[in-house]
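All remarks here apply to the structure that follows.
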Amino acid sequence: MAKQYETVIGLEVHVELATKTKIFCGCSTAFGGEPNTHTCPVCTGMPGSLPVLNKQVLEYAVAVGLATNCTITQYCKFDRKNYFYPDNPQNYQISQLYLPICRNGKVEIETEKGKKFVGIHEIHMEEDAGKLIHDEWDDCSLVDFNRSGVPLIEIVSEPDMRSAEEVIAYLEKLRMIIQYLGASDCKLQEGSMRADVNLSIREAGQEAFGTRTEMKNLNSFKAIARAIEGERERQIELLEEGKKVVQETRRWDDNKGESYAMRSKEDAQDYRYFPDPDLVPIVLDDAFLDGIRRKQPEFREEKMLRYKEEFDIPEYDIEIITGSKHMADIFEATVALGSQPKKVSNWLMVETLRLLKENGMDPEDIRFSPEHLSRLIALTDAKAINSSVAKEVFEVMFEQDIDPEKYVEEKGLKTVNDEGALRKTVEEVIAGNPQSVEDYRNGKEKAIGFLVGQTMKAMKGKADPGMVNRLLKELL
Amino acid sequence: MANIISDETIEYVGILAKLELSGEEKEQAKKDMGSMLDYIDKLGELDTQGVEPMSHVFPVKNVFREDVVTNGNIREEILKNAPGEKDGMFVVPRTFE
């Protein structure tokens, strides 16, 4: 019988924090600036420059730690991790080795196999590196330090996961917690969340861990799932052939569906960490921690429970809406303005999701305001516009966050409730379509649909279909 | 000298520090490093039972800045420190991942 293998996975997750400035200097973290326009002597590693910790970074790190049941290190400090690479201008990265800000946490995940805890070994604060661009033309590399010094937290899990499903559930869980805290948008594709997968295999039932490899360059949940499957198979094959797994860092190529060992630097493992003398120790008293605790938001699980009690909307809607803090905020604010929860949920679940998908956007990218959504719902409730006009208006609102009331007024989209005018149009339609009238009178119920359509067309869509239907039946 | 630095060690330290040392320089570096370690060993003679390890020399803690942008675009100044410049970026030898 073939041997059974168990996959053992631990993750190192880097999250870019949503601060306005870098971790140790007052340079902007905004995206899209021209190369090196967000730099200063500190983040380009000039001798004599002095890093000073951004307080917001500390607060976010502690908030994430508390939300993941960690113990906060109340006496903590920074260390230098030494290595040479051109994207790292100081030749060391400021990180935390000896006293990371958070330790010994856990989060609960749920997969089809049930619930379980994934341990968090530690969370530490550190700085990001710059960006290297390879210049084929001049056969050199170019460095942009705009991202150098952008604050990161690295969340190191225990090797508690056993499958790709568990890994994805864990990442989703972290993403929800961090998004709800507003500490990061956690987008894998854009690199504001990066996951390195440490994976080893062992024969089922065995206690000792096998040799692990570390997989980098995983930019989507799908890539992570494929990389895990690929690496598991590669390691099993090695063992079955009587070979050994080599502890190394591998880079996943998602297009090819395979990984390759990254050129191991001969000195890579010797980082010679030591305390950074430029940064003074951080001492956190209980009052500081209580302050952060008090500011913790309502997290997703609590929100889901509350929605179930407060709002009469399907459980599936609740899951989708709370799956994005931003969407949940819009939902709640719109309901608070007096709109019926079921109607708000419908706009989010149907039209909003459709437009997000069509435009390749995330729920975080929604721009329309709760005020405007609530006005649009009020307009349809009052039958001032019909549902197809409402959809049209919504599309414009989705794109430009226009005020639907003004827009409907300006474009003259209000439903014509003047029965006289409508009756006249209906009469014209009846006169102009004798065949359909004939069909209807001969018992072809469906023919009326065509006549309703013709009337709506003649009214440029600005009629209440119910009223059109009634008038047609009356006049036929 | 109590601490003898081996050829392998000095070779390895040279790699870590990205230094190419001549034979003569290596011998000198071995001597220097040995005497530095001897000096450090001297500290080991002290009784440090019950003394808290010191991680910082000044009695200062919790120095923070607010999360407010204070720096503008000083690219031209910054690039003056670059070994070479192209398209607003630092030019470095070709580097592979």
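Going by the structure tokens order, chains are called A, B, ..., each with residues numbered from 1, while ligands are numbered from 1 in the order shown.
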
| said: What's around Asn3 (chain B) at 9 Å? Count only C-alpha atoms, leave out sequence neighbours fewer than 4 positions away in its own chain, and write the answer as a PyMOL selection string. | reply: chain B and resi 33-38

| request: From chain B, collect each residue whose DSSP state is alpha helix (DSSP H) and return the set as number ranges by chain. | output: B: 7-16, 23-44, 75-79

Can you check which parts of chain A lie within 9 Å of chain B? Per residue, the shortest pair of atoms and distance in Å to one decimal, counting only C-alpha atoms, sorted by chain and number, as JSON lines.
```
{"residue": "A:Thr19", "atom": "CA", "partner": "B:Asp67", "partner_atom": "CA", "distance": 6.8}
{"residue": "A:Lys20", "atom": "CA", "partner": "B:Asp67", "partner_atom": "CA", "distance": 6.1}
{"residue": "A:Thr21", "atom": "CA", "partner": "B:Val69", "partner_atom": "CA", "distance": 5.7}
{"residue": "A:Lys22", "atom": "CA", "partner": "B:Asp67", "partner_atom": "CA", "distance": 8.2}
{"residue": "A:Ile23", "atom": "CA", "partner": "B:Asp67", "partner_atom": "CA", "distance": 8.8}
{"residue": "A:Phe24", "atom": "CA", "partner": "B:Arg65", "partner_atom": "CA", "distance": 8.3}
{"residue": "A:Cys25", "atom": "CA", "partner": "B:Asn71", "partner_atom": "CA", "distance": 8.1}
{"residue": "A:Gly26", "atom": "CA", "partner": "B:Thr70", "partner_atom": "CA", "distance": 4.8}
{"residue": "A:Cys27", "atom": "CA", "partner": "B:Asn71", "partner_atom": "CA", "distance": 5.0}
{"residue": "A:Ser28", "atom": "CA", "partner": "B:Val69", "partner_atom": "CA", "distance": 5.7}
{"residue": "A:Thr29", "atom": "CA", "partner": "B:Val69", "partner_atom": "CA", "distance": 8.9}
{"residue": "A:Glu34", "atom": "CA", "partner": "B:Gly88", "partner_atom": "CA", "distance": 7.9}
{"residue": "A:Pro35", "atom": "CA", "partner": "B:Gly88", "partner_atom": "CA", "distance": 5.9}
{"residue": "A:Asn36", "atom": "CA", "partner": "B:Arg75", "partner_atom": "CA", "distance": 5.8}
{"residue": "A:Thr37", "atom": "CA", "partner": "B:Asn73", "partner_atom": "CA", "distance": 4.8}
{"residue": "A:His38", "atom": "CA", "partner": "B:Asn73", "partner_atom": "CA", "distance": 6.0}
{"residue": "A:Thr39", "atom": "CA", "partner": "B:Arg75", "partner_atom": "CA", "distance": 7.0}
{"residue": "A:Cys40", "atom": "CA", "partner": "B:Ile78", "partner_atom": "CA", "distance": 6.7}
{"residue": "A:Pro41", "atom": "CA", "partner": "B:Ile78", "partner_atom": "CA", "distance": 7.1}
{"residue": "A:Thr44", "atom": "CA", "partner": "B:Ile78", "partner_atom": "CA", "distance": 8.0}
{"residue": "A:Met46", "atom": "CA", "partner": "B:Asn81", "partner_atom": "CA", "distance": 8.5}
{"residue": "A:Val52", "atom": "CA", "partner": "B:Phe64", "partner_atom": "CA", "distance": 5.9}
{"residue": "A:Leu53", "atom": "CA", "partner": "B:Phe64", "partner_atom": "CA", "distance": 4.9}
{"residue": "A:Asn54", "atom": "CA", "partner": "B:Arg65", "partner_atom": "CA", "distance": 4.9}
{"residue": "A:Lys55", "atom": "CA", "partner": "B:Phe64", "partner_atom": "CA", "distance": 5.4}
{"residue": "A:Gln56", "atom": "CA", "partner": "B:Asp67", "partner_atom": "CA", "distance": 6.1}
{"residue": "A:Val57", "atom": "CA", "partner": "B:Asp67", "partner_atom": "CA", "distance": 8.5}
{"residue": "A:Lys77", "atom": "CA", "partner": "B:Ser55", "partner_atom": "CA", "distance": 8.4}
{"residue": "A:Tyr83", "atom": "CA", "partner": "B:Leu16", "partner_atom": "CA", "distance": 7.9}
{"residue": "A:Phe84", "atom": "CA", "partner": "B:Lys18", "partner_atom": "CA", "distance": 8.3}
{"residue": "A:Tyr85", "atom": "CA", "partner": "B:Thr95", "partner_atom": "CA", "distance": 8.4}
{"residue": "A:Pro86", "atom": "CA", "partner": "B:Val92", "partner_atom": "CA", "distance": 7.1}
{"residue": "A:Leu132", "atom": "CA", "partner": "B:Thr95", "partner_atom": "CA", "distance": 8.3}
{"residue": "A:His134", "atom": "CA", "partner": "B:Arg94", "partner_atom": "CA", "distance": 7.0}
{"residue": "A:Asp135", "atom": "CA", "partner": "B:Arg94", "partner_atom": "CA", "distance": 8.0}
{"residue": "A:Asp139", "atom": "CA", "partner": "B:Arg94", "partner_atom": "CA", "distance": 6.2}
{"residue": "A:Cys140", "atom": "CA", "partner": "B:Arg94", "partner_atom": "CA", "distance": 4.1}
{"residue": "A:Ser141", "atom": "CA", "partner": "B:Arg94", "partner_atom": "CA", "distance": 4.7}
{"residue": "A:Leu142", "atom": "CA", "partner": "B:Val91", "partner_atom": "CA", "distance": 4.7}
{"residue": "A:Val143", "atom": "CA", "partner": "B:Phe90", "partner_atom": "CA", "distance": 4.9}
{"residue": "A:Asp144", "atom": "CA", "partner": "B:Met89", "partner_atom": "CA", "distance": 5.5}
{"residue": "A:Phe145", "atom": "CA", "partner": "B:Met89", "partner_atom": "CA", "distance": 8.3}
{"residue": "A:Met262", "atom": "CA", "partner": "B:Glu97", "partner_atom": "CA", "distance": 7.4}
{"residue": "A:Arg263", "atom": "CA", "partner": "B:Glu97", "partner_atom": "CA", "distance": 7.7}
{"residue": "A:Glu266", "atom": "CA", "partner": "B:Ile15", "partner_atom": "CA", "distance": 8.5}
{"residue": "A:Asp267", "atom": "CA", "partner": "B:Leu16", "partner_atom": "CA", "distance": 6.2}
{"residue": "A:Ala268", "atom": "CA", "partner": "B:Leu16", "partner_atom": "CA", "distance": 9.0}
{"residue": "A:Asp270", "atom": "CA", "partner": "B:Leu16", "partner_atom": "CA", "distance": 8.0}
{"residue": "A:Tyr271", "atom": "CA", "partner": "B:Leu16", "partner_atom": "CA", "distance": 8.9}
{"residue": "A:Pro275", "atom": "CA", "partner": "B:Ser55", "partner_atom": "CA", "distance": 6.8}
{"residue": "A:Asp276", "atom": "CA", "partner": "B:His56", "partner_atom": "CA", "distance": 8.6}
{"residue": "A:Pro277", "atom": "CA", "partner": "B:His56", "partner_atom": "CA", "distance": 6.5}
{"residue": "A:Leu279", "atom": "CA", "partner": "B:Val63", "partner_atom": "CA", "distance": 8.1}
{"residue": "A:Val280", "atom": "CA", "partner": "B:Lys61", "partner_atom": "CA", "distance": 5.3}
{"residue": "A:Pro281", "atom": "CA", "partner": "B:Lys61", "partner_atom": "CA", "distance": 5.1}
{"residue": "A:Ile282", "atom": "CA", "partner": "B:Asn62", "partner_atom": "CA", "distance": 4.9}
{"residue": "A:Val283", "atom": "CA", "partner": "B:Asn62", "partner_atom": "CA", "distance": 6.4}
{"residue": "A:Leu284", "atom": "CA", "partner": "B:Asn62", "partner_atom": "CA", "distance": 8.4}
```

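The nearest approach to Lys342 (chain A) among the residues A:Ala225, A:Lys383, A:Asp312, A:Glu371, with only C-alpha atoms taken into account, belongs to A:Asp312.
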
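Distance-wise, CA of Lys216 (chain A) and CA of Ile228 (chain A) end up 11.2 Å apart.
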
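Summary of the local environment: counting only C-alpha atoms, residues at most 12 Å from Lys31 (chain B), other than itself and those fewer than 6 positions away along its chain, are Met1, Ala2, Asn3, Ile4, Ile5, Ser6, Asp7, Ile10, Glu24, Glu25, Leu37 and Asp38 of chain B.
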
| request: Just the residues within 6 Å of Ile101 (chain A), please, counting only C-alpha atoms, with nothing from its chain fewer than 6 positions along; format it as a PyMOL selection string. | output: chain A and resi 72-73+124

| message | Nearest residue to Gly210 (chain A) out of A:Arg147, A:Lys391, A:Arg367, A:Arg232, using only C-alpha atoms? | response | A:Arg232

| Contact residues around region 254-261 of chain A with only C-alpha atoms at 7 Å, ignoring same-chain residues under 4 positions, as a list in words | Ala223, Gly230, Glu248, Thr249 and Arg250 of chain A

Could you dump the residues just selected with C-alpha atoms as a PDB file, in the first residue's frame?
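Output contents, as saved in again00.pdb:
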```pdb
ATOM      1  CA  ALA A 223      -1.715  30.531  -6.740  1.00  0.00           C
ATOM      2  CA  GLY A 230       2.702  21.321  -6.368  1.00  0.00           C
ATOM      3  CA  GLU A 248      15.625  26.170   0.688  1.00  0.00           C
ATOM      4  CA  THR A 249      13.592  29.098  -0.547  1.00  0.00           C
ATOM      5  CA  ARG A 250      11.682  28.440  -3.741  1.00  0.00           C
TER       6      ARG A 250
END
```

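Straight-line separation from CA of Ser163 (chain A) to CA of Met304 (chain A): 26.4 Å.
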
| What does the distance from CA of Leu356 (chain A) to CA of Glu395 (chain A) come to in Å, to one decimal? | 10.8 Å

| message | If we count only C-alpha atoms and set the cut-off at 12 Å, which residues sit around Glu332 (chain A), ignoring sequence neighbours fewer than 3 positions away in its own chain? Please answer as a VMD selection string. | response | chain A and resid 303 306 to 307 310 to 311 318 321 to 322 325 to 329 335 to 342 344 to 345 348 369 to 371 373 to 374

Include N, CA and C atoms and write out the residues we just selected as a PDB file, in the first residue's frame.
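Output below, filename part.pdb:
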```pdb
ATOM      1  N   LYS A 303     -20.553  41.098  14.039  1.00  0.00           N
ATOM      2  CA  LYS A 303     -21.430  41.823  13.125  1.00  0.00           C
ATOM      3  C   LYS A 303     -22.450  40.873  12.484  1.00  0.00           C
ATOM      4  N   ARG A 306     -25.152  40.098  14.904  1.00  0.00           N
ATOM      5  CA  ARG A 306     -26.047  41.250  15.109  1.00  0.00           C
ATOM      6  C   ARG A 306     -26.979  41.434  13.912  1.00  0.00           C
ATOM      7  N   TYR A 307     -26.437  41.283  12.700  1.00  0.00           N
ATOM      8  CA  TYR A 307     -27.274  41.440  11.499  1.00  0.00           C
ATOM      9  C   TYR A 307     -28.421  40.423  11.515  1.00  0.00           C
ATOM     10  N   GLU A 310     -30.924  41.808  13.895  1.00  0.00           N
ATOM     11  CA  GLU A 310     -31.535  43.109  13.624  1.00  0.00           C
ATOM     12  C   GLU A 310     -32.241  43.213  12.284  1.00  0.00           C
ATOM     13  N   PHE A 311     -31.703  42.525  11.276  1.00  0.00           N
ATOM     14  CA  PHE A 311     -32.216  42.753   9.930  1.00  0.00           C
ATOM     15  C   PHE A 311     -32.825  41.497   9.335  1.00  0.00           C
ATOM     16  N   ILE A 318     -25.849  38.403   4.355  1.00  0.00           N
ATOM     17  CA  ILE A 318     -25.057  38.830   5.522  1.00  0.00           C
ATOM     18  C   ILE A 318     -23.600  38.437   5.336  1.00  0.00           C
ATOM     19  N   ILE A 321     -22.089  40.766   2.578  1.00  0.00           N
ATOM     20  CA  ILE A 321     -21.965  42.170   2.999  1.00  0.00           C
ATOM     21  C   ILE A 321     -20.887  42.334   4.072  1.00  0.00           C
ATOM     22  N   THR A 322     -20.867  41.434   5.062  1.00  0.00           N
ATOM     23  CA  THR A 322     -19.858  41.566   6.120  1.00  0.00           C
ATOM     24  C   THR A 322     -18.486  41.085   5.655  1.00  0.00           C
ATOM     25  N   LYS A 325     -15.548  45.181   5.080  1.00  0.00           N
ATOM     26  CA  LYS A 325     -15.874  46.191   6.095  1.00  0.00           C
ATOM     27  C   LYS A 325     -16.520  47.400   5.434  1.00  0.00           C
ATOM     28  N   HIS A 326     -15.994  47.766   4.269  1.00  0.00           N
ATOM     29  CA  HIS A 326     -16.484  48.951   3.572  1.00  0.00           C
ATOM     30  C   HIS A 326     -17.943  48.759   3.147  1.00  0.00           C
ATOM     31  N   MET A 327     -18.246  47.569   2.632  1.00  0.00           N
ATOM     32  CA  MET A 327     -19.607  47.293   2.195  1.00  0.00           C
ATOM     33  C   MET A 327     -20.543  47.282   3.410  1.00  0.00           C
ATOM     34  N   ALA A 328     -20.099  46.681   4.507  1.00  0.00           N
ATOM     35  CA  ALA A 328     -20.914  46.645   5.723  1.00  0.00           C
ATOM     36  C   ALA A 328     -21.167  48.065   6.224  1.00  0.00           C
ATOM     37  N   ASP A 329     -20.156  48.916   6.137  1.00  0.00           N
ATOM     38  CA  ASP A 329     -20.316  50.314   6.568  1.00  0.00           C
ATOM     39  C   ASP A 329     -21.378  51.013   5.722  1.00  0.00           C
ATOM     40  N   VAL A 335     -29.022  52.077   5.917  1.00  0.00           N
ATOM     41  CA  VAL A 335     -30.163  51.678   6.742  1.00  0.00           C
ATOM     42  C   VAL A 335     -30.431  52.747   7.809  1.00  0.00           C
ATOM     43  N   ALA A 336     -29.350  53.293   8.366  1.00  0.00           N
ATOM     44  CA  ALA A 336     -29.503  54.330   9.402  1.00  0.00           C
ATOM     45  C   ALA A 336     -30.205  55.567   8.842  1.00  0.00           C
ATOM     46  N   LEU A 337     -30.121  55.759   7.527  1.00  0.00           N
ATOM     47  CA  LEU A 337     -30.784  56.918   6.916  1.00  0.00           C
ATOM     48  C   LEU A 337     -32.258  56.637   6.640  1.00  0.00           C
ATOM     49  N   GLY A 338     -32.697  55.464   7.025  1.00  0.00           N
ATOM     50  CA  GLY A 338     -34.121  55.176   6.937  1.00  0.00           C
ATOM     51  C   GLY A 338     -34.527  54.223   5.824  1.00  0.00           C
ATOM     52  N   SER A 339     -33.577  53.736   5.033  1.00  0.00           N
ATOM     53  CA  SER A 339     -33.943  52.804   3.963  1.00  0.00           C
ATOM     54  C   SER A 339     -34.200  51.415   4.540  1.00  0.00           C
ATOM     55  N   GLN A 340     -35.059  50.685   3.856  1.00  0.00           N
ATOM     56  CA  GLN A 340     -35.402  49.347   4.329  1.00  0.00           C
ATOM     57  C   GLN A 340     -34.212  48.399   4.101  1.00  0.00           C
ATOM     58  N   PRO A 341     -33.774  47.680   5.132  1.00  0.00           N
ATOM     59  CA  PRO A 341     -32.579  46.827   5.015  1.00  0.00           C
ATOM     60  C   PRO A 341     -32.618  45.886   3.809  1.00  0.00           C
ATOM     61  N   LYS A 342     -33.764  45.272   3.565  1.00  0.00           N
ATOM     62  CA  LYS A 342     -33.862  44.311   2.463  1.00  0.00           C
ATOM     63  C   LYS A 342     -33.570  44.996   1.122  1.00  0.00           C
ATOM     64  N   VAL A 344     -31.756  47.800   0.671  1.00  0.00           N
ATOM     65  CA  VAL A 344     -30.341  48.178   0.627  1.00  0.00           C
ATOM     66  C   VAL A 344     -29.516  46.951   0.259  1.00  0.00           C
ATOM     67  N   SER A 345     -29.827  45.850   0.921  1.00  0.00           N
ATOM     68  CA  SER A 345     -29.107  44.611   0.667  1.00  0.00           C
ATOM     69  C   SER A 345     -29.241  44.198  -0.801  1.00  0.00           C
ATOM     70  N   LEU A 348     -26.979  46.145  -3.024  1.00  0.00           N
ATOM     71  CA  LEU A 348     -25.585  45.721  -2.853  1.00  0.00           C
ATOM     72  C   LEU A 348     -25.341  44.345  -3.480  1.00  0.00           C
ATOM     73  N   SER A 369     -22.071  57.099  -2.070  1.00  0.00           N
ATOM     74  CA  SER A 369     -22.282  57.344  -0.653  1.00  0.00           C
ATOM     75  C   SER A 369     -23.604  56.736  -0.190  1.00  0.00           C
ATOM     76  N   PRO A 370     -23.690  56.416   1.102  1.00  0.00           N
ATOM     77  CA  PRO A 370     -24.950  55.903   1.656  1.00  0.00           C
ATOM     78  C   PRO A 370     -26.101  56.890   1.426  1.00  0.00           C
ATOM     79  N   GLU A 371     -25.817  58.186   1.496  1.00  0.00           N
ATOM     80  CA  GLU A 371     -26.861  59.205   1.283  1.00  0.00           C
ATOM     81  C   GLU A 371     -27.487  59.015  -0.097  1.00  0.00           C
ATOM     82  N   LEU A 373     -27.406  56.346  -2.093  1.00  0.00           N
ATOM     83  CA  LEU A 373     -28.125  55.082  -2.241  1.00  0.00           C
ATOM     84  C   LEU A 373     -29.496  55.202  -1.581  1.00  0.00           C
ATOM     85  N   SER A 374     -29.513  55.834  -0.425  1.00  0.00           N
ATOM     86  CA  SER A 374     -30.781  55.959   0.283  1.00  0.00           C
ATOM     87  C   SER A 374     -31.765  56.844  -0.502  1.00  0.00           C
TER      88      SER A 374
END
```

| task | Run DSSP on the backbone and give me the residues of region 99-347 of chain A it puts in strand (DSSP E or B), as number ranges by chain. | result | A: 102-111, 114-127, 131-135, 140-144, 151-157, 161, 193-203, 213-216, 249-253, 258-261, 274-275, 282-283

| For Asp365 (chain A): contacts at 12 Å, only C-alpha atoms, fewer than 3 positions along chain excluded, given as a list of chain:residue names | A:Asp185, A:Lys187, A:Ser324, A:Lys325, A:His326, A:Met327, A:Ile330, A:Thr352, A:Leu353, A:Leu355, A:Leu356, A:Lys357, A:Asn359, A:Gly360, A:Met361, A:Asp362, A:Phe368, A:Ser369, A:Phe398, A:Glu399

| message | From the options A:Lys457, A:Lys462, A:His14, A:Lys106, which residue's atoms come nearest to Leu413 (chain A), counting only C-alpha atoms? | response | A:Lys462
